[in-house]
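Here is the structure we will look at.
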Amino acid sequence: MKIALLGYGKMGKIIEQVAINRGHEIVIKTSEEDGYDITDADIAIDFSVPTAAFFNIVNCFKHQIPVISGTTGWLHNYDKAIEICKDENGAFIYASNFSLGVNIFFELNSHLAKLMNGLEQYHVSMEEIHHTQKLDAPSGTAITLAESIINKQGRYSNWSLDENREDALSIKAKRIDNIPGTHIVNYKSETDSIKIEHEAHNREGFALGAVIAAEWLLGKTGVYTMKDVLNIG
């Protein structure tokens, strides 16, 4: 499989090594929005920046190149991208986190939120911890977890960062050197607590999931999620 890496920062370099180890060829490595011929690739993996992601993704659709994206911060254009994907008969997977373990954690979080719905004595809160190079907060993974809880429970209208509000699910974000990513969901009452946690040991898990998603998407058309890739949910 010939892969275009759209975004060649730290994650792009790790994806490159994982892909090569799995027998794939990297034909494009770029952090630019244009100046590359996407038709040289069988599939594209976008881990770029918010200002470039939408262009990269739509460019793939227009050339019938399947694309997966893990870039956050561009989702105000997500619906437009999906519309273009369908118009161009493209193939697309977006995930806030491609780690296989995290996507199983998403399902666990969703199921627990459903079980806890109506148990008003439990206060739910979240915490996410990442390396100091991660400037956005909360993480896209934390937002995905929070939105799942909000959708399963009627007590919150939104989430809030580093503040306590009655109508919002509180997310605390910490930045500590050399922490790939930890996410904690905590339900606490006066009598007990229930906590679920996912801790990444390194970034290779994110890269492996992205490459596996690309392998799965090749040859397909349509819009999919990691649930489809893992056949869960």
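For the structure tokens, the naming scheme is as follows: chains receive sequential letters (A, B, ...) according to their order of presentation, residues are indexed from 1 within each chain, and ligands are indexed from 1 in presentation order.
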
Item checked: Per-residue DSSP, stretch 39-222 of chain A, filtered to strand (DSSP E), as a PyMOL selection string -> chain A and resi 43-46+67-69+91-94+123-130+158-161+168-175+181-188+193-200+222

Next item on the list: Just the residues within 12 Å of A:Lys80, please, counting only C-alpha atoms, with nothing from its chain fewer than 6 positions along; format it as a VMD selection string.
Entry: chain A and resid 54 to 55 57 to 58 74 86 to 87

Notebook entry, point to check: Within 6 Å of stretch 200-212 of chain A, counting only C-alpha atoms, which residues qualify if same-chain residues fewer than 3 places away don't, as a ChimeraX atom specification?
Noted result: /A:15,98-100,180-181,215

Selection above as a file: C-alpha atoms, as a short mmCIF file (atom, residue, chain, number, x, y, z; two decimals), in the first residue's frame:
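This went into out_25.cif:
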data_model
loop_
_atom_site.label_atom_id
_atom_site.label_comp_id
_atom_site.auth_asym_id
_atom_site.auth_seq_id
_atom_site.Cartn_x
_atom_site.Cartn_y
_atom_site.Cartn_z
CA ILE A 15 3.31 6.47 11.59
CA PHE A 98 -6.86 6.07 16.63
CA SER A 99 -5.48 4.00 19.51
CA LEU A 100 -7.19 0.61 19.54
CA PRO A 180 1.75 10.47 26.03
CA GLY A 181 -1.85 10.64 27.20
CA GLU A 215 -5.50 -0.80 5.74
#

Note to self: Residues within 12 Å of A:Ile143, please, as a ChimeraX atom specification. Count only C-alpha atoms; anything in the same chain fewer than 3 positions from it doesn't count.
What the structure shows: /A:72-73,95-97,106,126-128,136-140,146-150,158-161,169-173,183,185

Checklist line | Test item, alpha helix (DSSP H) assignment across stretch 9-207 of chain A, answer as a count of residues only | finding: 69
